[in-house]
Every structure is written in structure tokens, then in C-alpha cells.
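Okay, input10.cif now, which holds mmCIF, C-alpha atoms:
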data_work
loop_
_atom_site.label_atom_id
_atom_site.label_comp_id
_atom_site.auth_asym_id
_atom_site.auth_seq_id
_atom_site.Cartn_x
_atom_site.Cartn_y
_atom_site.Cartn_z
CA MET A 1 106.75 113.56 106.07
CA ILE A 2 103.33 113.63 104.38
CA LEU A 3 102.60 112.91 100.73
CA GLU A 4 99.77 114.89 99.17
CA LEU A 5 98.26 113.21 96.12
CA ALA A 6 96.13 115.50 93.98
CA ASP A 7 94.19 113.54 91.35
CA ILE A 8 93.40 115.97 88.54
CA ARG A 9 91.36 115.72 85.34
CA ILE A 10 92.18 118.23 82.63
CA GLN A 11 89.95 119.52 79.86
CA SER A 12 90.65 117.52 76.72
CA GLY A 13 93.18 119.20 74.48
CA ARG A 14 94.52 121.54 77.18
CA GLU A 15 97.08 119.12 78.61
CA ALA A 16 100.15 120.97 77.31
CA GLU A 17 98.87 124.29 78.69
CA PHE A 18 98.16 122.67 82.04
CA GLU A 19 101.63 121.12 82.22
CA GLU A 20 103.26 124.49 81.63
CA ALA A 21 100.98 126.18 84.18
CA ALA A 22 101.42 123.48 86.81
CA LYS A 23 105.20 123.65 86.59
CA ARG A 24 105.10 127.44 86.80
CA GLY A 25 102.70 127.45 89.76
CA LEU A 26 104.65 124.81 91.61
CA ASP A 27 108.01 126.47 91.03
CA MET A 28 106.85 130.04 91.63
CA VAL A 29 104.15 129.69 94.31
CA LEU A 30 103.81 126.30 95.96
CA SER A 31 107.49 125.62 96.43
CA LYS A 32 107.79 128.83 98.50
CA ALA A 33 105.25 127.61 101.08
CA LYS A 34 106.31 126.74 104.61
CA GLY A 35 106.83 123.00 104.97
CA PHE A 36 106.99 122.30 101.22
CA GLN A 37 109.65 119.72 100.43
CA LYS A 38 109.44 118.60 96.79
CA TYR A 39 106.98 117.77 94.02
CA GLU A 40 106.41 115.68 90.94
CA VAL A 41 103.86 116.14 88.18
CA ARG A 42 102.95 112.87 86.50
CA ARG A 43 100.58 112.03 83.65
CA SER A 44 98.58 108.82 83.37
CA ILE A 45 99.47 106.57 80.47
CA GLU A 46 96.04 104.88 80.46
CA SER A 47 94.04 108.12 80.92
CA PRO A 48 96.01 110.94 79.26
CA GLU A 49 93.70 113.64 80.65
CA ARG A 50 94.53 112.47 84.18
CA TYR A 51 97.44 113.92 86.15
CA MET A 52 98.72 113.21 89.61
CA LEU A 53 100.57 115.83 91.63
CA LEU A 54 102.77 114.28 94.29
CA ILE A 55 103.74 116.90 96.84
CA HIS A 56 105.77 116.22 99.96
CA TRP A 57 105.14 118.35 103.04
CA ASP A 58 106.77 118.41 106.46
CA THR A 59 103.37 118.07 108.16
CA LEU A 60 99.71 117.71 107.18
CA GLU A 61 98.93 121.15 108.60
CA ASP A 62 101.60 122.81 106.48
CA HIS A 63 99.31 122.05 103.54
CA THR A 64 95.79 121.99 104.96
CA VAL A 65 96.16 125.02 107.23
CA GLY A 66 99.32 126.94 106.37
CA PHE A 67 99.10 126.82 102.59
CA ARG A 68 95.35 126.68 102.10
CA THR A 69 94.69 129.72 104.27
CA SER A 70 97.46 131.77 102.67
CA PRO A 71 97.14 134.14 99.69
CA ALA A 72 99.39 131.71 97.80
CA TYR A 73 96.53 129.21 97.56
CA ALA A 74 94.40 131.60 95.49
CA GLN A 75 97.43 132.38 93.32
CA TRP A 76 98.00 128.67 92.67
CA ARG A 77 94.35 128.05 91.84
CA ASP A 78 94.29 131.04 89.50
CA ILE A 79 97.22 129.54 87.60
CA VAL A 80 96.05 125.92 87.25
CA GLY A 81 92.29 126.09 87.86
CA PRO A 82 91.30 127.16 84.31
CA TYR A 83 92.43 123.78 82.95
CA PHE A 84 90.57 121.53 85.41
CA ALA A 85 87.70 119.48 83.98
CA GLN A 86 86.38 118.93 87.52
CA ALA A 87 87.45 119.61 91.09
CA PRO A 88 90.66 117.74 91.96
CA PHE A 89 90.47 114.92 94.47
CA VAL A 90 93.11 115.40 97.16
CA GLU A 91 94.15 113.15 100.04
CA HIS A 92 97.26 112.91 102.22
CA PHE A 93 99.24 109.75 102.82
CA GLU A 94 101.56 108.73 105.59
CA PHE A 95 104.50 106.41 105.05
CA CYS A 96 104.06 102.74 106.01
CA ALA A 97 106.92 100.90 104.30
CA GLY A 98 109.37 101.28 101.46
CA SER A 99 112.50 99.99 99.79
CA MET B 1 110.96 105.42 84.60
CA ILE B 2 107.29 104.61 85.16
CA LEU B 3 105.35 105.06 88.39
CA GLU B 4 102.64 102.49 89.07
CA LEU B 5 99.96 103.76 91.44
CA ALA B 6 97.78 101.03 92.91
CA ASP B 7 94.79 102.48 94.75
CA ILE B 8 93.67 99.86 97.26
CA ARG B 9 90.73 99.60 99.66
CA ILE B 10 91.18 97.22 102.58
CA GLN B 11 88.52 95.42 104.56
CA SER B 12 87.79 97.41 107.70
CA GLY B 13 89.80 96.20 110.68
CA ARG B 14 92.34 94.26 108.58
CA GLU B 15 94.68 97.19 107.93
CA ALA B 16 97.51 95.93 110.16
CA GLU B 17 97.40 92.47 108.55
CA PHE B 18 97.45 94.04 105.11
CA GLU B 19 100.41 96.24 105.96
CA GLU B 20 102.43 93.25 107.11
CA ALA B 21 101.42 91.22 104.05
CA ALA B 22 102.11 94.02 101.59
CA LYS B 23 105.60 94.60 102.98
CA ARG B 24 106.32 90.87 102.85
CA GLY B 25 104.98 90.49 99.32
CA LEU B 26 106.84 93.51 98.06
CA ASP B 27 110.13 92.54 99.70
CA MET B 28 109.95 88.83 98.87
CA VAL B 29 108.17 88.73 95.49
CA LEU B 30 107.70 92.02 93.72
CA SER B 31 111.14 93.43 94.36
CA LYS B 32 112.68 90.42 92.58
CA ALA B 33 110.85 91.18 89.33
CA LYS B 34 112.76 92.35 86.26
CA GLY B 35 112.61 96.13 85.98
CA PHE B 36 111.46 96.74 89.56
CA GLN B 37 113.19 99.78 91.05
CA LYS B 38 111.65 100.71 94.41
CA TYR B 39 108.36 100.96 96.26
CA GLU B 40 106.46 102.79 98.95
CA VAL B 41 103.33 101.74 100.82
CA ARG B 42 101.33 104.72 102.04
CA ARG B 43 98.06 105.00 103.99
CA SER B 44 95.50 107.73 103.54
CA ILE B 45 94.99 110.01 106.51
CA GLU B 46 91.47 111.00 105.43
CA SER B 47 90.39 107.44 104.47
CA PRO B 48 92.26 105.00 106.74
CA GLU B 49 91.07 101.94 104.79
CA ARG B 50 92.70 103.37 101.65
CA TYR B 51 96.29 102.60 100.72
CA MET B 52 98.41 103.65 97.79
CA LEU B 53 101.26 101.52 96.52
CA LEU B 54 103.81 103.55 94.62
CA ILE B 55 106.02 101.25 92.57
CA HIS B 56 108.72 102.41 90.20
CA TRP B 57 109.52 100.30 87.13
CA ASP B 58 112.09 100.68 84.39
CA THR B 59 109.37 100.37 81.72
CA LEU B 60 105.59 99.98 81.53
CA GLU B 61 105.98 96.51 80.04
CA ASP B 62 108.15 95.32 82.92
CA HIS B 63 104.97 95.54 85.00
CA THR B 64 102.12 94.94 82.57
CA VAL B 65 103.75 92.12 80.61
CA GLY B 66 106.81 90.84 82.46
CA PHE B 67 105.44 90.79 85.97
CA ARG B 68 101.76 90.17 85.30
CA THR B 69 102.41 87.13 83.11
CA SER B 70 104.91 85.62 85.56
CA PRO B 71 104.18 83.15 88.37
CA ALA B 72 105.21 85.90 90.79
CA TYR B 73 101.98 87.78 90.05
CA ALA B 74 99.84 84.97 91.44
CA GLN B 75 102.14 84.74 94.48
CA TRP B 76 101.74 88.45 95.14
CA ARG B 77 97.96 88.32 94.78
CA ASP B 78 97.77 85.31 97.09
CA ILE B 79 99.63 87.30 99.76
CA VAL B 80 97.71 90.58 99.60
CA GLY B 81 94.44 89.69 97.86
CA PRO B 82 92.65 88.35 100.98
CA TYR B 83 92.61 91.85 102.51
CA PHE B 84 91.18 93.74 99.54
CA ALA B 85 87.68 95.15 99.96
CA GLN B 86 87.42 95.53 96.18
CA ALA B 87 89.63 95.18 93.12
CA PRO B 88 92.52 97.68 93.22
CA PHE B 89 92.55 100.47 90.68
CA VAL B 90 95.92 100.62 88.94
CA GLU B 91 97.33 103.11 86.47
CA HIS B 92 100.83 104.04 85.33
CA PHE B 93 102.24 107.56 85.26
CA GLU B 94 105.06 109.10 83.31
CA PHE B 95 107.17 111.94 84.66
CA CYS B 96 106.33 115.47 83.49
CA ALA B 97 108.09 117.79 85.95
CA GLY B 98 109.58 117.80 89.42
CA SER B 99 111.75 119.64 91.90
#
Show me the file's structure as C-alpha cells.
Amino acid sequence: MILELADIRIQSGREAEFEEAAKRGLDMVLSKAKGFQKYEVRRSIESPERYMLLIHWDTLEDHTVGFRTSPAYAQWRDIVGPYFAQAPFVEHFEFCAGS
Amino acid sequence: MILELADIRIQSGREAEFEEAAKRGLDMVLSKAKGFQKYEVRRSIESPERYMLLIHWDTLEDHTVGFRTSPAYAQWRDIVGPYFAQAPFVEHFEFCAGS
């Protein structure tokens, strides 16, 4: 199971709009993708314009190949892209240890 | 419930040592702290020297005040600090939405 972390900066003052759009895009588009497991949207306390999307996928390729080459990717970006202050920074993380 | 994300860069070649130390420090020290709920250690696929600690706390202050002003904080840093390539970047995130 792979964790995608998308580190997102939102245009100041548009945080509420982004939160609504992100939830809609995740529920309506991303969560239908092959290999999608679950998501969380979280907002930084120290940097209120910063959000982190935590998305769990079955495999890395389910996101980087399956989702990103599908029409759903453009749909998702159309929904949330207007609120970005800059391009998101995305990496994928494998599990090492946990409690 | 607050999610602490600690973005950590490890000295090249010391990743296995860090992983062992982080698990030991989390299991022996951090998980005994008041308000600690659970943790994950995850390693970036794109940047193998990059790790993310995901630590759930009851409240922000359980981490920033309770833990950081306790002797346990120095113990934790003694265990994992030797492997850091630079100071970790830590922020706290509140829940907005999820599936």
C-alpha cells in the first residue's frame, strides 16, 4: 500500500472554496479510480494556506500511470487547480514501521 | 486529533540505521508521551533519503508543549538526531475531510 502526499499551497483567502472543491473532486472523481483506497484532506495549523492530501493507493502505478493517464486526472485538476498558488509537490511513500 | 508531519532528510547510506533507531525511539520513548495516539514511519520512493513521520496526537499542545518540554524529547533526539542530514521540518495538520 502506497501513501501519496500532495503538498499544496492555496491562494490566500480561497481556502474554504478549495476545501469544498477538494472534497467534491476526491469523492466524485479520485475515489472512483482503480487502486484508490482512501483519502484525507488536512490543513496546516502553522501555515493555514498549506494543505496536505493523503491518498492511499494499492500500488504506485495505480496513481502515476493508471490515474494520471486517465481522463479523470484532467477532471480532478479542473476542479481543484484554480485554487492552487503554485504547482503541488507530490511524492509517494512506502510503509516502514507503525504502531 | 492532530497529525504531526515530520519531514526528515537522512544522511546518505544511513537509512537502515535511521529506520531501526526511529522505530526504537518511537516505540520506547515517543509512544509513552501523554496524548500520543499512533505513528507511521514512511520512506519516499522518489527521494530515498527522505522520510516522513506521521504522528497522531490528542491535541497540538500534547506535542508542542507536553512532549517538547519533557526529558523524553532529548532522549528521542539523541536516538534519531545522529542520522539527520538537516533539521527536520515539522508542521501540524487538522482534519478537513476524508473517506
task: Select residues of chain A: the criterion is any atom within 6 Å of an atom of chain B, counting only C-alpha atoms; output as a ChimeraX atom specification.
output: /A:38-45,92-99
- request: Check which residues satisfy the PyMOL selection byres ((chain A and resi 82) around 12) in the file shown, then give them as a PyMOL selection string.
  value: chain A and resi 9-11+14-15+17-18+21-22+76-81+83-87
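Between atom CA of Pro71 of chain B and atom CA of Gly25 of chain B the separation is 13.2 Å.
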Selected by the PyMOL selection byres ((chain A and resi 67) around 12) in the shown coordinates: which residues, as a compact mmCIF listing (two decimals) with C-alpha atoms, in the coordinates of the input?
# COMPACT_ATOMS: atom_id res chain seq x y z
CA VAL A 29 104.15 129.69 94.31
CA LEU A 30 103.81 126.30 95.96
CA SER A 31 107.49 125.62 96.43
CA LYS A 32 107.79 128.83 98.50
CA ALA A 33 105.25 127.61 101.08
CA LYS A 34 106.31 126.74 104.61
CA GLY A 35 106.83 123.00 104.97
CA PHE A 36 106.99 122.30 101.22
CA TRP A 57 105.14 118.35 103.04
CA THR A 59 103.37 118.07 108.16
CA LEU A 60 99.71 117.71 107.18
CA GLU A 61 98.93 121.15 108.60
CA ASP A 62 101.60 122.81 106.48
CA HIS A 63 99.31 122.05 103.54
CA THR A 64 95.79 121.99 104.96
CA VAL A 65 96.16 125.02 107.23
CA GLY A 66 99.32 126.94 106.37
CA ARG A 68 95.35 126.68 102.10
CA THR A 69 94.69 129.72 104.27
CA SER A 70 97.46 131.77 102.67
CA PRO A 71 97.14 134.14 99.69
CA ALA A 72 99.39 131.71 97.80
CA TYR A 73 96.53 129.21 97.56
CA ALA A 74 94.40 131.60 95.49
CA GLN A 75 97.43 132.38 93.32
CA TRP A 76 98.00 128.67 92.67
CA ARG A 77 94.35 128.05 91.84
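When atom CA of Gly13 of chain A is paired with atom CA of Met1 of chain B, their separation reads 24.7 Å.
Between atom CA of Pro88 of chain A and atom CA of Ile8 of chain A there is a distance of 4.7 Å.
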